[in-house]
>>> print(open('structure-v9.csv').read())   # CSV, C-alpha atoms
chain,number,residue,atom,x,y,z
G,72,MET,CA,39.2,-26.5,12.9
G,73,GLY,CA,40.2,-26.4,9.3
G,74,SER,CA,36.7,-27.4,8.2
G,75,PHE,CA,35.2,-24.5,10.2
G,76,ARG,CA,37.5,-22.1,8.3
G,77,VAL,CA,36.6,-23.6,5.0
G,78,SER,CA,32.9,-23.5,5.9
G,79,GLY,CA,33.2,-19.9,7.0
G,80,ALA,CA,35.0,-18.9,3.9
G,81,CYS,CA,32.3,-20.6,1.7
G,82,ASP,CA,29.6,-18.8,3.6
G,83,ALA,CA,31.3,-15.4,3.2
G,84,LEU,CA,31.8,-16.1,-0.5
G,85,HIS,CA,28.2,-17.1,-0.9
G,86,GLY,CA,27.1,-13.9,0.9
G,87,ARG,CA,29.2,-11.8,-1.4
G,88,GLN,CA,27.7,-13.5,-4.4
G,89,LEU,CA,24.2,-12.9,-3.1
G,90,LEU,CA,25.0,-9.3,-2.6
G,91,VAL,CA,26.4,-8.9,-6.1
G,92,THR,CA,23.3,-10.7,-7.5
G,93,ASN,CA,20.9,-8.4,-5.6
G,94,ILE,CA,22.7,-5.3,-6.7
G,95,THR,CA,22.6,-6.5,-10.3
G,96,ASP,CA,18.9,-7.3,-10.0
G,97,VAL,CA,18.1,-3.8,-8.6
G,98,LYS,CA,20.1,-2.1,-11.3
G,99,ARG,CA,18.3,-4.1,-14.0
G,100,TRP,CA,14.9,-3.3,-12.4
G,101,ASN,CA,15.7,0.4,-12.3
G,102,ARG,CA,16.9,0.4,-16.0
G,103,THR,CA,13.8,-1.4,-17.1
G,104,HIS,CA,11.6,0.9,-15.1
G,105,GLU,CA,13.1,4.0,-16.5
G,106,ALA,CA,13.1,2.6,-20.1
G,107,LEU,CA,9.4,2.0,-19.8
G,108,ARG,CA,8.7,5.4,-18.4
G,109,GLN,CA,10.7,7.1,-21.2
G,110,ALA,CA,9.0,5.0,-23.9
G,111,ALA,CA,5.6,5.9,-22.5
G,112,VAL,CA,6.4,9.6,-22.5
G,113,LYS,CA,7.8,9.5,-26.0
G,114,LEU,CA,4.8,7.6,-27.5
G,115,PHE,CA,2.2,9.6,-25.5
G,116,THR,CA,3.7,12.8,-26.8
G,117,GLU,CA,3.9,11.6,-30.4
G,118,ARG,CA,0.6,9.7,-30.7
G,119,GLY,CA,-1.5,10.8,-27.7
G,120,TYR,CA,-2.2,9.0,-24.6
G,121,ASP,CA,-5.5,7.3,-25.7
G,122,ALA,CA,-4.0,6.2,-29.0
G,123,THR,CA,-1.0,4.4,-27.4
G,124,THR,CA,-1.3,0.9,-26.1
G,125,THR,CA,0.7,-0.8,-23.3
G,126,THR,CA,1.8,-3.4,-25.9
G,127,GLU,CA,3.4,-0.7,-28.0
G,128,ILE,CA,5.1,0.9,-24.9
G,129,ALA,CA,6.6,-2.4,-23.9
G,130,ALA,CA,7.8,-3.2,-27.4
G,131,HIS,CA,9.4,0.2,-27.6
G,132,ALA,CA,11.2,-0.4,-24.3
G,133,GLY,CA,12.3,-3.9,-25.5
G,134,VAL,CA,10.4,-5.9,-22.9
G,135,SER,CA,7.2,-7.9,-22.7
G,136,GLU,CA,3.8,-6.4,-21.7
G,137,MET,CA,3.8,-8.7,-18.7
G,138,THR,CA,7.1,-7.0,-17.6
G,139,LEU,CA,5.5,-3.6,-18.0
G,140,PHE,CA,2.7,-4.5,-15.6
G,141,ARG,CA,5.2,-5.8,-13.1
G,142,HIS,CA,6.6,-2.2,-13.0
G,143,PHE,CA,3.4,-0.2,-13.4
G,144,ARG,CA,0.0,-1.5,-12.3
G,145,THR,CA,-1.9,0.5,-15.0
G,146,LYS,CA,-1.3,2.5,-18.1
G,147,GLU,CA,-2.1,5.6,-16.2
G,148,SER,CA,0.5,4.9,-13.5
G,149,LEU,CA,3.2,5.3,-16.2
G,150,LEU,CA,2.4,9.0,-15.9
G,151,SER,CA,1.4,9.4,-12.3
G,152,ALA,CA,4.0,7.3,-10.4
G,153,ASP,CA,6.1,9.8,-8.5
G,154,PRO,CA,9.9,9.0,-8.0
G,155,PHE,CA,10.3,11.9,-5.7
G,156,ASP,CA,8.2,10.5,-2.8
G,157,PRO,CA,11.2,9.2,-0.8
G,158,LEU,CA,13.1,12.5,-1.2
G,159,MET,CA,10.1,14.6,0.0
G,160,ALA,CA,9.4,12.3,2.9
G,161,GLU,CA,13.0,12.4,4.1
G,162,ALA,CA,13.0,16.2,3.8
G,163,VAL,CA,9.9,16.4,6.0
G,164,ARG,CA,11.4,14.0,8.6
G,165,GLY,CA,14.4,16.3,8.7
G,166,ARG,CA,12.6,19.4,9.7
G,167,PRO,CA,13.2,20.9,13.2
G,168,PRO,CA,11.4,19.2,16.1
G,169,GLY,CA,8.2,20.9,17.2
G,170,GLU,CA,7.4,22.4,13.8
G,171,PRO,CA,3.6,22.3,13.1
G,172,PRO,CA,2.6,19.7,10.5
G,173,MET,CA,1.8,22.0,7.6
G,174,GLN,CA,5.0,24.0,8.1
G,175,ALA,CA,7.0,20.8,8.2
G,176,LEU,CA,5.4,19.6,5.0
G,177,THR,CA,5.7,22.9,3.1
G,178,GLU,CA,9.3,23.6,4.1
G,179,GLY,CA,10.3,20.0,3.6
G,180,ILE,CA,8.8,20.0,0.1
G,181,ARG,CA,10.5,23.3,-0.6
G,182,ARG,CA,13.9,21.8,0.4
G,183,ALA,CA,13.3,18.7,-1.7
G,184,LEU,CA,12.3,20.8,-4.7
G,185,ALA,CA,15.6,22.6,-4.6
G,186,GLN,CA,17.4,19.3,-5.1
G,187,LEU,CA,15.7,18.4,-8.4
G,188,HIS,CA,17.8,18.5,-11.5
G,189,GLU,CA,16.8,20.5,-14.5
G,190,GLU,CA,16.2,17.4,-16.6
G,191,ASP,CA,13.9,16.1,-13.8
G,192,VAL,CA,11.9,19.3,-13.9
G,193,GLU,CA,11.5,19.2,-17.7
G,194,ASP,CA,10.4,15.5,-17.5
G,195,LEU,CA,7.8,16.5,-14.9
G,196,ARG,CA,6.5,19.4,-17.1
G,197,MET,CA,6.1,17.0,-20.1
G,198,LEU,CA,4.2,14.5,-18.0
G,199,LEU,CA,1.9,17.1,-16.6
G,200,ARG,CA,1.2,18.5,-20.1
G,201,ILE,CA,0.2,15.1,-21.3
G,202,ILE,CA,-2.2,14.8,-18.3
G,203,ALA,CA,-3.6,18.3,-18.7
G,204,SER,CA,-4.3,17.8,-22.4
G,205,THR,CA,-6.0,14.4,-22.1
G,206,PRO,CA,-9.6,14.5,-21.0
G,207,SER,CA,-9.6,10.8,-20.0
G,208,LEU,CA,-6.8,11.6,-17.5
G,209,ARG,CA,-8.8,14.1,-15.6
G,210,GLY,CA,-8.1,13.4,-11.9
G,211,ALA,CA,-5.0,11.4,-12.6
G,212,ILE,CA,-2.8,13.4,-10.3
G,213,GLU,CA,-5.3,12.9,-7.4
G,214,ARG,CA,-5.5,9.2,-8.2
G,215,GLY,CA,-1.8,8.8,-8.4
G,216,SER,CA,-1.2,10.7,-5.2
G,217,GLU,CA,-2.0,7.8,-2.8
G,218,GLU,CA,1.6,6.7,-2.5
G,219,THR,CA,2.8,10.3,-2.0
G,220,ALA,CA,0.2,10.8,0.7
G,221,THR,CA,1.3,7.5,2.4
G,222,ALA,CA,4.9,8.6,2.3
G,223,LEU,CA,4.1,12.1,3.7
G,224,VAL,CA,1.8,10.7,6.4
G,225,ALA,CA,4.5,8.3,7.5
G,226,ALA,CA,7.0,11.1,7.7
G,227,LEU,CA,4.6,13.2,9.9
G,228,ARG,CA,3.8,10.1,12.1
G,229,ASP,CA,7.6,9.7,12.7
G,230,ARG,CA,7.5,13.3,13.9
G,231,GLY,CA,4.8,12.4,16.4
G,232,VAL,CA,1.8,13.8,14.6
G,233,ALA,CA,-1.4,11.8,15.1
G,234,GLU,CA,-2.6,9.8,12.1
G,235,ALA,CA,-5.8,11.8,11.5
G,236,LYS,CA,-4.0,15.2,11.6
G,237,ALA,CA,-1.2,13.8,9.4
G,238,ARG,CA,-3.7,12.7,6.7
G,239,VAL,CA,-5.5,16.0,6.7
G,240,ALA,CA,-2.3,17.9,6.3
G,241,ALA,CA,-0.9,15.6,3.6
G,242,THR,CA,-4.2,15.7,1.7
G,243,ALA,CA,-4.4,19.5,1.8
G,244,LEU,CA,-0.8,19.8,0.6
G,245,ILE,CA,-1.2,17.3,-2.3
G,246,THR,CA,-4.4,18.9,-3.5
G,247,GLY,CA,-2.9,22.4,-3.4
G,248,LEU,CA,0.3,21.4,-5.1
G,249,GLY,CA,-1.6,19.4,-7.8
G,250,THR,CA,-3.4,22.6,-8.8
G,251,ALA,CA,-0.2,24.6,-8.9
G,252,LEU,CA,1.6,21.9,-10.9
G,253,LEU,CA,-1.0,21.8,-13.6
G,254,ASP,CA,-1.0,25.6,-13.9
G,255,TRP,CA,2.8,25.6,-14.1
G,256,ALA,CA,2.8,22.8,-16.8
G,257,ARG,CA,0.5,25.0,-19.0
G,258,SER,CA,2.8,28.0,-18.6
G,259,GLU,CA,5.6,28.8,-20.9
G,260,THR,CA,7.4,31.3,-18.7
G,261,THR,CA,6.7,30.5,-15.0
G,262,THR,CA,9.5,28.4,-13.3
G,263,VAL,CA,8.5,25.4,-11.2
G,264,ASN,CA,10.2,27.1,-8.2
G,265,ALA,CA,8.1,30.2,-8.6
G,266,ALA,CA,4.9,28.3,-9.2
G,267,LEU,CA,5.3,25.8,-6.3
G,268,GLY,CA,7.0,28.4,-4.1
G,269,ASP,CA,3.9,30.6,-4.2
G,270,ALA,CA,1.6,27.5,-3.5
G,271,LEU,CA,3.8,26.5,-0.6
G,272,ASP,CA,3.6,30.0,0.8
G,273,VAL,CA,-0.2,29.8,0.8
G,274,LEU,CA,-0.3,26.3,2.2
G,275,GLY,CA,2.1,27.2,4.9
G,276,GLY,CA,0.0,30.2,5.9
G,277,ASN,CA,2.4,32.9,4.6
>>> encode(input="structure-v9.csv", output="structure tokens")
Amino acid sequence: MGSFRVSGACDALHGRQLLVTNITDVKRWNRTHEALRQAAVKLFTERGYDATTTTEIAAHAGVSEMTLFRHFRTKESLLSADPFDPLMAEAVRGRPPGEPPMQALTEGIRRALAQLHEEDVEDLRMLLRIIASTPSLRGAIERGSEETATALVAALRDRGVAEAKARVAATALITGLGTALLDWARSETTTVNAALGDALDVLGGN
């Protein structure tokens, strides 16, 4: 009986150690991910996108170039990766049952937008300005929207929307918001809430 207690206690201790290790690994991954993204934005702003190499970005973040590519598949994805996808998808899932797909998307995105912090908004504007001012990045928003589309389609599918309809709705939303985001990034006065609010009104049929 005593051996079972000892064995059980060891298993529990091992489980706690694994949990602590996993949490530590996730925190380290998140810190490195954000350090790389911040380094990229800083160097792209100072030197220009085309003149900055991934080797320089990695060095600035204090990691190897191999580590950079574990976090970001391409140099472009340092700008186009969207950390707000889970927030948007959950907001869409939480819309009232029976809402049409485009209404669930637009109102869900509107709700998610209201949760963004001011520093997140300014980071987004800076990223979009880099994209808008770099000819080689034309189409970057569309190319980087695949994961966003996947997240939104999954949210609609969870609401019972057919795959084909979900993809049409998500694609229309992403295309419309991409245009509005670039217009907002070039503006010095328009707020993101105003710019995207107007776009969401149009997309939602208002």
>>> residues_around(input="structure-v9.csv", residues="stretch 224-236 of chain G", least_positions_apart="4", cutoff="10 Å", atoms="all atoms listed in the file", output="mmCIF file with C-alpha atoms, in the coordinates of the input")
data_model
loop_
_atom_site.group_PDB
_atom_site.id
_atom_site.type_symbol
_atom_site.label_atom_id
_atom_site.label_comp_id
_atom_site.auth_asym_id
_atom_site.auth_seq_id
_atom_site.Cartn_x
_atom_site.Cartn_y
_atom_site.Cartn_z
ATOM 1 C CA PRO G 157 11.200 9.200 -0.800
ATOM 2 C CA MET G 159 10.100 14.600 0.000
ATOM 3 C CA ALA G 160 9.400 12.300 2.900
ATOM 4 C CA GLU G 161 13.000 12.400 4.100
ATOM 5 C CA ALA G 162 13.000 16.200 3.800
ATOM 6 C CA VAL G 163 9.900 16.400 6.000
ATOM 7 C CA ARG G 164 11.400 14.000 8.600
ATOM 8 C CA GLY G 165 14.400 16.300 8.700
ATOM 9 C CA ARG G 166 12.600 19.400 9.700
ATOM 10 C CA PRO G 167 13.200 20.900 13.200
ATOM 11 C CA PRO G 168 11.400 19.200 16.100
ATOM 12 C CA GLY G 169 8.200 20.900 17.200
ATOM 13 C CA GLU G 170 7.400 22.400 13.800
ATOM 14 C CA PRO G 171 3.600 22.300 13.100
ATOM 15 C CA PRO G 172 2.600 19.700 10.500
ATOM 16 C CA MET G 173 1.800 22.000 7.600
ATOM 17 C CA ALA G 175 7.000 20.800 8.200
ATOM 18 C CA LEU G 176 5.400 19.600 5.000
ATOM 19 C CA GLU G 218 1.600 6.700 -2.500
ATOM 20 C CA THR G 219 2.800 10.300 -2.000
ATOM 21 C CA ALA G 220 0.200 10.800 0.700
ATOM 22 C CA ALA G 240 -2.300 17.900 6.300
ATOM 23 C CA ALA G 241 -0.900 15.600 3.600
ATOM 24 C CA THR G 242 -4.200 15.700 1.700
#
>>> atom_distance(input="structure-v9.csv", atom1="atom CA of G:Thr246", atom2="atom CA of G:Leu267")
12.2 Å
>>> atom_distance(input="structure-v9.csv", atom1="atom CA of G:Glu190", atom2="atom CA of G:Gly215")
21.6 Å
>>> closest_residue(input="structure-v9.csv", among="G:Glu189, G:Glu136, G:Glu147, G:Glu213", to="G:Leu253", atoms="all atoms listed in the file")
G:Glu213
>>> residues_near_point(input="structure-v9.csv", point="(9.2, 20.8, -19.1)", cutoff="10 Å", atoms="only C-alpha atoms", output="NGL selection string")
:G and (189-200 or 255-259 or 262-263)
>>> atom_distance(input="structure-v9.csv", atom1="atom CA of G:Val112", atom2="atom CA of G:Thr124")
12.2 Å
>>> closest_residue(input="structure-v9.csv", among="G:Asp272, G:Glu127, G:Glu217, G:Asp254", to="G:Ala110", atoms="only C-alpha atoms")
G:Glu127
>>> closest_residue(input="structure-v9.csv", among="G:Gly276, G:Gln186, G:Thr103, G:Ser148", to="G:Arg214", atoms="all atoms listed in the file")
G:Ser148
>>> closest_residue(input="structure-v9.csv", among="G:Val97, G:Val134, G:Ile202, G:Ala270", to="G:Phe115", atoms="all atoms listed in the file")
G:Ile202
